[in-house]
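A.B. asks: mmCIF, C-alpha atoms and all ligand atoms, file work-v7.cif:
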```cif
data_structure
#
loop_
_atom_site.group_PDB
_atom_site.id
_atom_site.type_symbol
_atom_site.label_atom_id
_atom_site.label_comp_id
_atom_site.auth_asym_id
_atom_site.auth_seq_id
_atom_site.Cartn_x
_atom_site.Cartn_y
_atom_site.Cartn_z
ATOM 1 C CA MET A 984 -24.497 -2.632 -19.100
ATOM 2 C CA GLU A 985 -26.246 0.705 -18.584
ATOM 3 C CA GLN A 986 -29.625 -0.973 -18.037
ATOM 4 C CA ARG A 987 -28.116 -3.447 -15.584
ATOM 5 C CA LEU A 988 -26.395 -0.582 -13.715
ATOM 6 C CA ARG A 989 -29.668 1.305 -13.390
ATOM 7 C CA SER A 990 -31.573 -1.713 -12.072
ATOM 8 C CA GLU A 991 -28.793 -2.651 -9.608
ATOM 9 C CA ALA A 992 -28.489 0.957 -8.378
ATOM 10 C CA LYS A 993 -32.258 1.360 -8.016
ATOM 11 C CA ALA A 994 -32.493 -1.912 -6.049
ATOM 12 C CA LEU A 995 -29.624 -0.871 -3.751
ATOM 13 C CA LEU A 996 -31.338 2.434 -2.909
ATOM 14 C CA GLU A 997 -34.842 1.001 -2.598
ATOM 15 C CA LYS A 998 -33.753 -1.884 -0.349
ATOM 16 C CA GLY A 999 -31.835 0.585 1.839
ATOM 17 C CA LYS A 1000 -28.508 -1.184 1.210
ATOM 18 C CA VAL A 1001 -26.876 2.143 0.348
ATOM 19 C CA ASP A 1002 -27.595 5.792 1.148
ATOM 20 C CA ASN A 1003 -25.884 7.237 -1.927
ATOM 21 C CA ILE A 1004 -25.159 6.189 -5.470
ATOM 22 C CA VAL A 1005 -22.083 7.608 -7.166
ATOM 23 C CA GLY A 1006 -21.925 7.208 -10.938
ATOM 24 C CA PHE A 1007 -21.853 9.205 -14.158
ATOM 25 C CA GLU A 1008 -24.434 11.164 -16.129
ATOM 26 C CA ARG A 1009 -24.238 12.938 -19.490
ATOM 27 C CA GLY A 1010 -22.035 16.030 -19.405
ATOM 28 C CA SER A 1011 -22.843 19.444 -20.845
ATOM 29 C CA LEU A 1012 -20.225 19.103 -23.599
ATOM 30 C CA ASN A 1013 -20.515 16.578 -26.420
ATOM 31 C CA PHE A 1014 -18.859 13.229 -25.668
ATOM 32 C CA SER A 1015 -18.439 13.986 -21.997
ATOM 33 C CA THR A 1016 -19.889 12.805 -18.706
ATOM 34 C CA THR A 1017 -20.007 14.310 -15.251
ATOM 35 C CA PRO A 1018 -20.216 12.621 -11.833
ATOM 36 C CA LEU A 1019 -23.734 12.004 -10.499
ATOM 37 C CA ILE A 1020 -24.075 11.662 -6.726
ATOM 38 C CA THR A 1021 -27.597 11.009 -5.534
ATOM 39 C CA LYS A 1022 -29.768 9.569 -2.777
ATOM 40 C CA GLU A 1023 -32.892 9.572 -4.973
ATOM 41 C CA ALA A 1024 -34.138 6.568 -6.982
ATOM 42 C CA VAL A 1025 -35.769 9.029 -9.390
ATOM 43 C CA ASP A 1026 -32.281 10.161 -10.567
ATOM 44 C CA ILE A 1027 -31.110 6.660 -11.403
ATOM 45 C CA ASP A 1028 -32.291 6.732 -15.018
ATOM 46 C CA ARG A 1029 -29.724 9.505 -15.605
ATOM 47 C CA LEU A 1030 -26.854 7.078 -14.965
ATOM 48 C CA VAL A 1031 -24.792 6.265 -18.050
ATOM 49 C CA ILE A 1032 -21.993 3.936 -19.036
ATOM 50 C CA ASN A 1033 -20.142 4.919 -22.181
ATOM 51 C CA PRO A 1034 -16.533 5.373 -23.394
ATOM 52 C CA PHE A 1035 -16.332 8.820 -21.744
ATOM 53 C CA ILE A 1036 -16.769 7.921 -18.044
ATOM 54 C CA VAL A 1037 -13.316 9.253 -17.241
ATOM 55 C CA ASN A 1038 -13.451 10.540 -13.645
ATOM 56 C CA ASN A 1039 -12.042 8.393 -10.879
ATOM 57 C CA LEU A 1040 -15.103 8.518 -8.616
ATOM 58 C CA ALA A 1041 -13.198 7.094 -5.639
ATOM 59 C CA VAL A 1042 -12.211 10.709 -4.923
ATOM 60 C CA PHE A 1043 -15.703 11.367 -3.491
ATOM 61 C CA LEU A 1044 -15.823 8.405 -1.105
ATOM 62 C CA ALA A 1045 -14.178 9.835 1.985
ATOM 63 C CA GLU A 1046 -16.518 12.850 1.992
ATOM 64 C CA LEU A 1047 -19.815 10.953 1.749
ATOM 65 C CA LYS A 1048 -21.760 9.987 4.850
ATOM 66 C CA GLY A 1049 -23.457 6.569 5.061
ATOM 67 C CA LYS A 1050 -23.193 3.595 2.730
ATOM 68 C CA VAL A 1051 -22.237 4.236 -0.868
ATOM 69 C CA GLY A 1052 -22.851 2.317 -4.078
ATOM 70 C CA ILE A 1053 -20.109 3.391 -6.477
ATOM 71 C CA VAL A 1054 -19.449 2.756 -10.156
ATOM 72 C CA ALA A 1055 -15.831 1.713 -10.600
ATOM 73 C CA LYS A 1056 -13.639 0.909 -13.575
ATOM 74 C CA GLY A 1057 -10.470 -1.126 -13.024
ATOM 75 C CA CYS A 1058 -8.298 1.814 -11.954
ATOM 76 C CA ASP A 1059 -11.048 3.288 -9.770
ATOM 77 C CA SER A 1060 -11.546 -0.021 -7.933
ATOM 78 C CA ARG A 1061 -7.831 -0.046 -7.158
ATOM 79 C CA SER A 1062 -8.090 3.475 -5.744
ATOM 80 C CA ILE A 1063 -10.976 2.309 -3.535
ATOM 81 C CA VAL A 1064 -8.874 -0.586 -2.240
ATOM 82 C CA SER A 1065 -6.019 1.809 -1.575
ATOM 83 C CA LEU A 1066 -8.346 4.102 0.414
ATOM 84 C CA ILE A 1067 -9.518 1.082 2.450
ATOM 85 C CA GLN A 1068 -5.893 0.172 3.176
ATOM 86 C CA ASP A 1069 -5.272 3.752 4.330
ATOM 87 C CA ASN A 1070 -8.315 3.566 6.669
ATOM 88 C CA LYS A 1071 -10.004 6.407 4.810
ATOM 89 C CA VAL A 1072 -13.102 4.334 4.062
ATOM 90 C CA VAL A 1073 -14.557 1.083 5.373
ATOM 91 C CA ARG A 1074 -15.110 -1.836 2.995
ATOM 92 C CA GLU A 1075 -18.471 -2.734 4.579
ATOM 93 C CA ASP A 1076 -19.805 0.765 3.794
ATOM 94 C CA ILE A 1077 -19.172 0.441 0.059
ATOM 95 C CA VAL A 1078 -20.916 -1.506 -2.669
ATOM 96 C CA ILE A 1079 -18.593 -1.548 -5.671
ATOM 97 C CA ILE A 1080 -20.428 -1.759 -8.987
ATOM 98 C CA GLY A 1081 -17.609 -2.858 -11.269
ATOM 99 C CA VAL A 1082 -17.339 -1.913 -14.941
ATOM 100 C CA PRO A 1083 -14.985 -4.036 -17.075
ATOM 101 C CA CYS A 1084 -13.235 -1.286 -19.013
ATOM 102 C CA PRO A 1085 -11.770 -1.528 -22.527
ATOM 103 C CA GLY A 1086 -10.260 1.971 -22.222
ATOM 104 C CA MET A 1087 -11.638 5.491 -22.207
ATOM 105 C CA ILE A 1088 -11.688 7.541 -25.402
ATOM 106 C CA ASP A 1089 -9.512 10.648 -25.392
ATOM 107 C CA VAL A 1090 -11.542 13.117 -27.453
ATOM 108 C CA THR A 1091 -8.484 15.370 -27.890
ATOM 109 C CA LYS A 1092 -6.767 12.495 -29.771
ATOM 110 C CA ILE A 1093 -9.816 12.198 -32.036
ATOM 111 C CA GLU A 1094 -9.844 15.977 -32.601
ATOM 112 C CA ALA A 1095 -6.188 15.785 -33.684
ATOM 113 C CA LEU A 1096 -6.786 12.772 -35.961
ATOM 114 C CA VAL A 1097 -9.772 14.247 -37.799
ATOM 115 C CA GLY A 1098 -8.690 17.888 -37.561
ATOM 116 C CA ARG A 1099 -12.048 18.989 -36.126
ATOM 117 C CA ASP A 1100 -13.311 20.274 -32.802
ATOM 118 C CA ARG A 1101 -15.491 18.006 -30.634
ATOM 119 C CA ASP A 1102 -18.504 20.219 -31.349
ATOM 120 C CA GLU A 1103 -18.134 19.494 -35.059
ATOM 121 C CA LEU A 1104 -18.214 15.695 -34.651
ATOM 122 C CA ASP A 1105 -21.547 13.963 -35.361
ATOM 123 C CA ASN A 1106 -20.826 10.814 -33.391
ATOM 124 C CA ILE A 1107 -18.179 8.614 -31.791
ATOM 125 C CA VAL A 1108 -19.084 4.935 -31.422
ATOM 126 C CA ARG A 1109 -16.909 2.232 -29.866
ATOM 127 C CA ASP A 1110 -17.443 -1.223 -31.317
ATOM 128 C CA GLY A 1111 -15.057 -3.854 -29.953
ATOM 129 C CA ASP A 1112 -11.524 -2.795 -30.811
ATOM 130 C CA LYS A 1113 -12.668 -0.206 -33.382
ATOM 131 C CA VAL A 1114 -13.978 3.325 -32.946
ATOM 132 C CA MET A 1115 -16.082 4.943 -35.655
ATOM 133 C CA VAL A 1116 -16.004 8.732 -35.815
ATOM 134 C CA THR A 1117 -18.644 10.411 -37.955
ATOM 135 C CA VAL A 1118 -18.008 13.912 -39.301
ATOM 136 C CA ASP A 1119 -20.225 15.675 -41.869
ATOM 137 C CA GLY A 1120 -22.199 12.443 -42.233
ATOM 138 C CA LYS A 1121 -19.107 10.397 -43.170
ATOM 139 C CA GLY A 1122 -17.794 7.635 -40.885
ATOM 140 C CA LYS A 1123 -14.116 6.853 -40.362
ATOM 141 C CA ASP A 1124 -12.790 3.865 -38.407
ATOM 142 C CA PHE A 1125 -9.869 4.041 -36.002
ATOM 143 C CA ALA A 1126 -8.257 1.314 -33.929
ATOM 144 C CA LEU A 1127 -9.254 1.659 -30.268
ATOM 145 C CA SER A 1128 -5.549 1.831 -29.387
ATOM 146 C CA GLU A 1129 -5.195 5.042 -31.480
ATOM 147 C CA VAL A 1130 -7.812 6.965 -29.552
ATOM 148 C CA ILE A 1131 -7.763 5.858 -25.906
ATOM 149 C CA PHE A 1132 -5.861 7.717 -23.189
ATOM 150 C CA ASP A 1133 -2.161 6.905 -22.801
ATOM 151 C CA ASN A 1134 -2.754 5.478 -19.314
ATOM 152 C CA CYS A 1135 -5.460 3.166 -20.689
ATOM 153 C CA LEU A 1136 -2.941 1.926 -23.261
ATOM 154 C CA GLY A 1137 -0.775 0.749 -20.374
ATOM 155 C CA CYS A 1138 -3.600 -0.498 -18.151
ATOM 156 C CA GLU A 1139 -2.766 -3.742 -16.391
ATOM 157 C CA PHE A 1140 -6.105 -4.278 -14.624
ATOM 158 C CA PRO A 1141 -9.000 -2.989 -16.757
ATOM 159 C CA THR A 1142 -11.468 -5.265 -14.961
ATOM 160 C CA PRO A 1143 -12.048 -4.265 -11.337
ATOM 161 C CA GLN A 1144 -10.063 -6.467 -8.965
ATOM 162 C CA GLU A 1145 -12.482 -5.874 -6.117
ATOM 163 C CA TYR A 1146 -16.248 -5.595 -6.663
ATOM 164 C CA ASP A 1147 -19.653 -6.625 -5.343
ATOM 165 C CA VAL A 1148 -21.412 -6.565 -8.700
ATOM 166 C CA LEU A 1149 -19.622 -6.867 -12.057
ATOM 167 C CA LEU A 1150 -21.646 -5.383 -14.905
ATOM 168 C CA GLY A 1151 -20.153 -7.512 -17.686
ATOM 169 C CA GLU A 1152 -17.570 -10.103 -18.636
ATOM 170 C CA PRO A 1153 -13.929 -9.347 -17.735
ATOM 171 C CA THR A 1154 -12.274 -7.401 -20.524
ATOM 172 C CA PRO A 1155 -8.791 -8.182 -21.902
ATOM 173 C CA SER A 1156 -6.089 -5.627 -21.218
ATOM 174 C CA VAL A 1157 -4.972 -3.513 -24.249
ATOM 175 C CA THR A 1158 -1.540 -3.134 -22.681
ATOM 176 C CA ASP A 1159 0.857 -1.507 -25.115
ATOM 177 C CA LYS A 1160 3.394 -0.293 -22.624
ATOM 178 C CA ALA A 1161 5.715 1.194 -25.249
ATOM 179 C CA ALA A 1162 2.915 3.390 -26.634
ATOM 180 C CA SER A 1163 1.597 4.169 -23.166
ATOM 181 C CA CYS A 1164 4.993 5.362 -21.962
ATOM 182 C CA ALA A 1165 6.280 6.921 -25.207
ATOM 183 C CA LYS A 1166 6.285 10.503 -23.844
ATOM 184 C CA ILE A 1167 7.951 9.345 -20.621
ATOM 185 C CA ASN A 1168 10.659 7.478 -22.501
ATOM 186 C CA GLU A 1169 11.311 10.519 -24.677
ATOM 187 C CA LEU A 1170 11.934 12.516 -21.509
ATOM 188 C CA LYS A 1171 14.149 9.820 -20.029
ATOM 189 C CA ALA A 1172 16.270 9.840 -23.173
ATOM 190 C CA MET A 1173 17.028 13.579 -22.739
ATOM 191 C CA ALA A 1174 20.216 14.834 -21.119
ATOM 192 C CA PRO A 1175 19.501 16.061 -17.546
ATOM 193 C CA LYS A 1176 19.970 19.720 -18.524
ATOM 194 C CA GLU A 1177 17.557 19.400 -21.439
ATOM 195 C CA ARG A 1178 15.012 17.609 -19.224
ATOM 196 C CA TRP A 1179 15.366 20.301 -16.582
ATOM 197 C CA GLU A 1180 14.665 22.982 -19.201
ATOM 198 C CA PHE A 1181 11.640 20.987 -20.352
ATOM 199 C CA TRP A 1182 10.087 20.862 -16.876
ATOM 200 C CA LYS A 1183 11.032 24.480 -16.165
ATOM 201 C CA GLU A 1184 9.095 25.536 -19.252
ATOM 202 C CA GLN A 1185 6.151 23.239 -18.439
ATOM 203 C CA PHE A 1186 5.802 24.433 -14.869
ATOM 204 C CA SER A 1187 6.043 28.055 -15.912
ATOM 205 C CA HIS A 1188 2.480 27.671 -17.207
ATOM 206 C CA CYS A 1189 1.068 25.941 -14.125
ATOM 207 C CA ILE A 1190 -1.541 28.314 -12.688
ATOM 208 C CA ARG A 1191 -1.708 26.424 -9.337
ATOM 209 C CA CYS A 1192 -5.410 25.718 -9.765
ATOM 210 C CA TYR A 1193 -4.914 22.444 -7.826
ATOM 211 C CA ALA A 1194 -7.227 20.539 -10.167
ATOM 212 C CA CYS A 1195 -4.587 17.775 -10.340
ATOM 213 C CA ARG A 1196 -4.726 17.444 -6.544
ATOM 214 C CA ASN A 1197 -8.479 17.772 -6.148
ATOM 215 C CA VAL A 1198 -9.319 15.142 -8.743
ATOM 216 C CA CYS A 1199 -6.937 12.561 -7.267
ATOM 217 C CA PRO A 1200 -8.226 9.929 -4.796
ATOM 218 C CA ALA A 1201 -4.673 9.385 -3.552
ATOM 219 C CA CYS A 1202 -4.350 13.085 -2.552
ATOM 220 C CA PHE A 1203 -6.467 12.976 0.584
ATOM 221 C CA CYS A 1204 -4.727 15.034 3.280
ATOM 222 C CA LYS A 1205 -7.278 17.199 5.101
ATOM 223 C CA ARG A 1206 -4.796 20.045 4.972
ATOM 224 C CA CYS A 1207 -2.428 20.022 2.013
ATOM 225 C CA PHE A 1208 1.163 21.112 2.654
ATOM 226 C CA VAL A 1209 0.753 23.869 0.042
ATOM 227 C CA GLU A 1210 -1.782 25.578 2.315
ATOM 228 C CA GLU A 1211 0.387 25.494 5.430
ATOM 229 C CA SER A 1212 1.592 28.901 6.533
ATOM 230 C CA GLU A 1213 3.669 27.796 9.544
ATOM 231 C CA PRO A 1214 5.983 26.648 8.173
ATOM 232 C CA GLN A 1215 5.302 27.864 4.693
ATOM 233 C CA TRP A 1216 6.602 25.167 2.365
ATOM 234 C CA LEU A 1217 5.732 26.926 -0.877
ATOM 235 C CA ALA A 1218 5.139 30.513 -1.948
ATOM 236 C CA PRO A 1219 1.468 30.966 -2.841
ATOM 237 C CA MET A 1220 2.403 32.737 -6.095
ATOM 238 C CA PRO A 1221 2.595 30.298 -9.031
ATOM 239 C CA ARG A 1222 6.329 30.648 -9.743
ATOM 240 C CA TRP A 1223 7.728 27.753 -11.778
ATOM 241 C CA GLN A 1224 10.105 26.696 -8.995
ATOM 242 C CA ASP A 1225 7.287 26.380 -6.452
ATOM 243 C CA ASN A 1226 4.985 24.776 -9.008
ATOM 244 C CA LEU A 1227 7.590 22.147 -9.730
ATOM 245 C CA MET A 1228 8.194 21.569 -6.026
ATOM 246 C CA PHE A 1229 4.444 21.159 -5.514
ATOM 247 C CA GLN A 1230 4.411 18.293 -8.027
ATOM 248 C CA VAL A 1231 7.598 16.723 -6.677
ATOM 249 C CA VAL A 1232 6.107 16.559 -3.174
ATOM 250 C CA ARG A 1233 2.687 15.496 -4.498
ATOM 251 C CA ASN A 1234 4.355 12.620 -6.342
ATOM 252 C CA ILE A 1235 6.087 11.452 -3.193
ATOM 253 C CA HIS A 1236 2.803 11.647 -1.270
ATOM 254 C CA VAL A 1237 0.934 9.536 -3.829
ATOM 255 C CA ALA A 1238 3.740 7.015 -4.348
ATOM 256 C CA GLY A 1239 2.324 3.556 -3.648
ATOM 257 C CA ARG A 1240 -1.227 4.922 -3.876
ATOM 258 C CA CYS A 1241 -1.329 6.139 -7.484
ATOM 259 C CA THR A 1242 -3.130 3.689 -9.767
ATOM 260 C CA ASP A 1243 -2.214 5.478 -13.033
ATOM 261 C CA CYS A 1244 -5.842 6.502 -13.552
ATOM 262 C CA GLY A 1245 -4.509 9.475 -15.534
ATOM 263 C CA GLU A 1246 -6.936 11.956 -14.068
ATOM 264 C CA CYS A 1247 -4.353 14.525 -12.896
ATOM 265 C CA GLU A 1248 -2.958 14.901 -16.408
ATOM 266 C CA ARG A 1249 -6.394 14.924 -18.054
ATOM 267 C CA VAL A 1250 -7.696 17.806 -15.953
ATOM 268 C CA CYS A 1251 -4.614 20.035 -16.081
ATOM 269 C CA PRO A 1252 -5.606 23.253 -17.889
ATOM 270 C CA GLY A 1253 -1.936 23.866 -18.706
ATOM 271 C CA ASN A 1254 -1.623 20.521 -20.541
ATOM 272 C CA ILE A 1255 1.388 19.695 -18.384
ATOM 273 C CA PRO A 1256 2.329 16.023 -18.906
ATOM 274 C CA LEU A 1257 1.932 15.166 -15.216
ATOM 275 C CA ARG A 1258 1.605 11.461 -15.931
ATOM 276 C CA SER A 1259 5.269 11.497 -16.989
ATOM 277 C CA LEU A 1260 5.958 11.964 -13.276
ATOM 278 C CA THR A 1261 3.212 9.815 -11.736
ATOM 279 C CA ARG A 1262 3.602 6.787 -14.035
ATOM 280 C CA GLU A 1263 7.354 6.882 -13.593
ATOM 281 C CA MET A 1264 6.838 6.874 -9.826
ATOM 282 C CA TYR A 1265 4.379 3.963 -10.254
ATOM 283 C CA GLU A 1266 7.157 2.021 -12.035
ATOM 284 C CA ILE A 1267 9.746 2.916 -9.382
ATOM 285 C CA VAL A 1268 7.425 1.715 -6.589
ATOM 286 C CA GLY A 1269 6.804 -1.489 -8.561
ATOM 287 C CA ASP A 1270 10.527 -2.129 -9.057
ATOM 288 C CA LEU A 1271 11.629 -1.264 -5.521
ATOM 289 C CA PHE A 1272 8.798 -2.802 -3.508
ATOM 290 C CA GLN A 1273 7.080 -5.188 -5.948
ATOM 291 C CA PHE A 1274 3.934 -3.254 -5.069
ATOM 292 C CA LYS A 1275 1.049 -2.082 -7.218
ATOM 293 C CA ALA A 1276 -1.514 0.111 -5.488
ATOM 294 C CA GLY A 1277 -4.921 -1.413 -4.879
ATOM 295 C CA VAL A 1278 -4.171 -4.854 -6.292
ATOM 296 C CA ASP A 1279 -3.692 -6.767 -3.034
HETATM 297 S S1 LIG B 1 -6.724 2.919 -16.745
HETATM 298 FE FE1 LIG B 1 -7.677 0.921 -17.188
HETATM 299 S S2 LIG B 1 -9.492 0.762 -15.935
HETATM 300 FE FE2 LIG B 1 -8.817 2.909 -15.888
HETATM 301 S S3 LIG B 1 -10.023 3.897 -17.488
HETATM 302 FE FE3 LIG B 1 -8.121 3.230 -18.461
HETATM 303 S S4 LIG B 1 -8.476 1.131 -19.252
HETATM 304 FE FE4 LIG B 1 -10.148 1.673 -17.843
HETATM 305 S S1 LIG B 2 -3.758 21.032 -12.708
HETATM 306 FE FE1 LIG B 2 -1.981 21.791 -13.866
HETATM 307 S S2 LIG B 2 -2.139 24.017 -13.708
HETATM 308 FE FE2 LIG B 2 -3.449 23.199 -12.099
HETATM 309 S S3 LIG B 2 -2.090 23.057 -10.294
HETATM 310 FE FE3 LIG B 2 -2.000 21.083 -11.308
HETATM 311 S S4 LIG B 2 -0.165 21.235 -12.640
HETATM 312 FE FE4 LIG B 2 -0.776 23.344 -12.074
HETATM 313 S S1 LIG B 3 -1.668 10.831 -9.116
HETATM 314 FE FE1 LIG B 3 -2.896 11.147 -10.993
HETATM 315 S S2 LIG B 3 -2.827 9.129 -12.008
HETATM 316 FE FE2 LIG B 3 -2.232 8.803 -9.870
HETATM 317 S S3 LIG B 3 -4.103 8.275 -8.768
HETATM 318 FE FE3 LIG B 3 -3.839 10.514 -8.615
HETATM 319 S S4 LIG B 3 -5.038 11.364 -10.325
HETATM 320 FE FE4 LIG B 3 -4.717 9.161 -10.745
#
```
For the file at hand, write its structure as structure tokens.
C.D. replies:
Amino acid sequence: MEQRLRSEAKALLEKGKVDNIVGFERGSLNFSTTPLITKEAVDIDRLVINPFIVNNLAVFLAELKGKVGIVAKGCDSRSIVSLIQDNKVVREDIVIIGVPCPGMIDVTKIEALVGRDRDELDNIVRDGDKVMVTVDGKGKDFALSEVIFDNCLGCEFPTPQEYDVLLGEPTPSVTDKAASCAKINELKAMAPKERWEFWKEQFSHCIRCYACRNVCPACFCKRCFVEESEPQWLAPMPRWQDNLMFQVVRNIHVAGRCTDCGECERVCPGNIPLRSLTREMYEIVGDLFQFKAGVD
């Protein structure tokens, strides 16, 4: 898949069909990747496809000038479609290089399972529905469903729905909705007062870094309401009440656009379970409007 990606991307640049390629390259931490945005064919051999290509690259589309070739997993392709529907990008300016996606590995789950930090792991290898983790030279197998992100466990469309090139055969969906939504259901089972206390505590450690907003393709306002001063909707200080209100409004803004890519929760330095809000909103939109973002 990686070789095919590199040859497709190189051909797109060399034939002048795109001005930019947006994909992933190795990250500076073990078992991580970072977005690679380039106009140069010489950079193409840095492109990778592996179980750690977590970012939703659609977030970069609206800011890039010219035609763009973009690597997209199932959820990312839905975000691209959603951006097209919102007139943020033009379909003809995008070449979608689709990656059928069996789920992204959540290294924090592996750290918890083996009781070691990512820097102490020798290797993590995905092989079909198994993942082998090697520590101190010894390999241990885990089921893929034990180590992928919660949103991937509930992924309905792992193969891109919209693409120009598909880098492999469509992949079956893992879909274990009960496991994917376990944390959300725990919250829903709480009495309102208990749930309120839960969120109050969670949002008391939000530092208002806005990583959740900046990483999200559905959060695309040029000027976010949190930065308005006339009227001022929120106090700039990260008080829990304002932090909570920020997420409440953000959820309403992304309703019908959120594809449950899970990025907002993954990047939150406070480990706030933001997906408990966004996935629930995804379900509400589905129930009320029979609508799933980026599928049509
Ligand atoms: S949500 Fe689906 S398409 Fe997106 S990374 Fe997870 S399994 Fe892949
Ligand atoms: S990423 Fe987390 S800490 Fe940062 S603003 Fe969002 S909720 Fe707050
Ligand atoms: S709200 Fe979160 S899960 Fe939804 S599209 Fe944005 S980053 Fe992805």
A.B. asks: Ligand LIG 2 (chain B): which residues are within 12 Å, counting only C-alpha atoms and all ligand atoms? Reply as a VMD selection string.
C.D. replies: chain A and resid 1182 1185 to 1199 1209 1219 to 1231 1233 to 1234 1245 to 1261
A.B. asks: Select the residues contacting ligand LIG 1 (chain B) at a distance of at most 9 Å, based on all atoms listed in the file, then format the selection as JSON, numbers by chain.
C.D. replies: {"A": [1034, 1036, 1037, 1038, 1039, 1055, 1056, 1057, 1058, 1059, 1060, 1061, 1082, 1083, 1084, 1085, 1086, 1087, 1088, 1131, 1132, 1133, 1134, 1135, 1136, 1137, 1138, 1139, 1140, 1141, 1142, 1143, 1156, 1157, 1158, 1242, 1243, 1244, 1245]}
A.B. asks: Translate the PyMOL selection byres (((chain A and resi 1097) around 12) and not hetatm) into a concrete residue list for this structure, as number ranges by chain.
C.D. replies: A: 1090-1096, 1098-1101, 1103-1104, 1107, 1115-1119, 1121-1125, 1130
A.B. asks: As JSON, what would the box around ligand LIG 3 (chain B) look like: edges along x, y and z, 4 Å added on every side, centre and edge lengths in Å to one decimal?
C.D. replies:
```
{"center_x": -3.4, "center_y": 9.8, "center_z": -10.3, "size_x": 11.4, "size_y": 11.1, "size_z": 11.4}
```
A.B. asks: Decode the PyMOL selection byres (((chain A and resi 1013-1022) around 8) and not hetatm) for the given file into explicit residues and return them as a list of chain:residue names.
C.D. replies: A:Leu996, A:Asp1002, A:Asn1003, A:Ile1004, A:Val1005, A:Gly1006, A:Phe1007, A:Glu1008, A:Arg1009, A:Gly1010, A:Ser1011, A:Leu1012, A:Glu1023, A:Ala1024, A:Asp1026, A:Leu1030, A:Phe1035, A:Ile1036, A:Val1037, A:Asn1038, A:Leu1040, A:Val1090, A:Arg1101, A:Asp1102, A:Ile1107
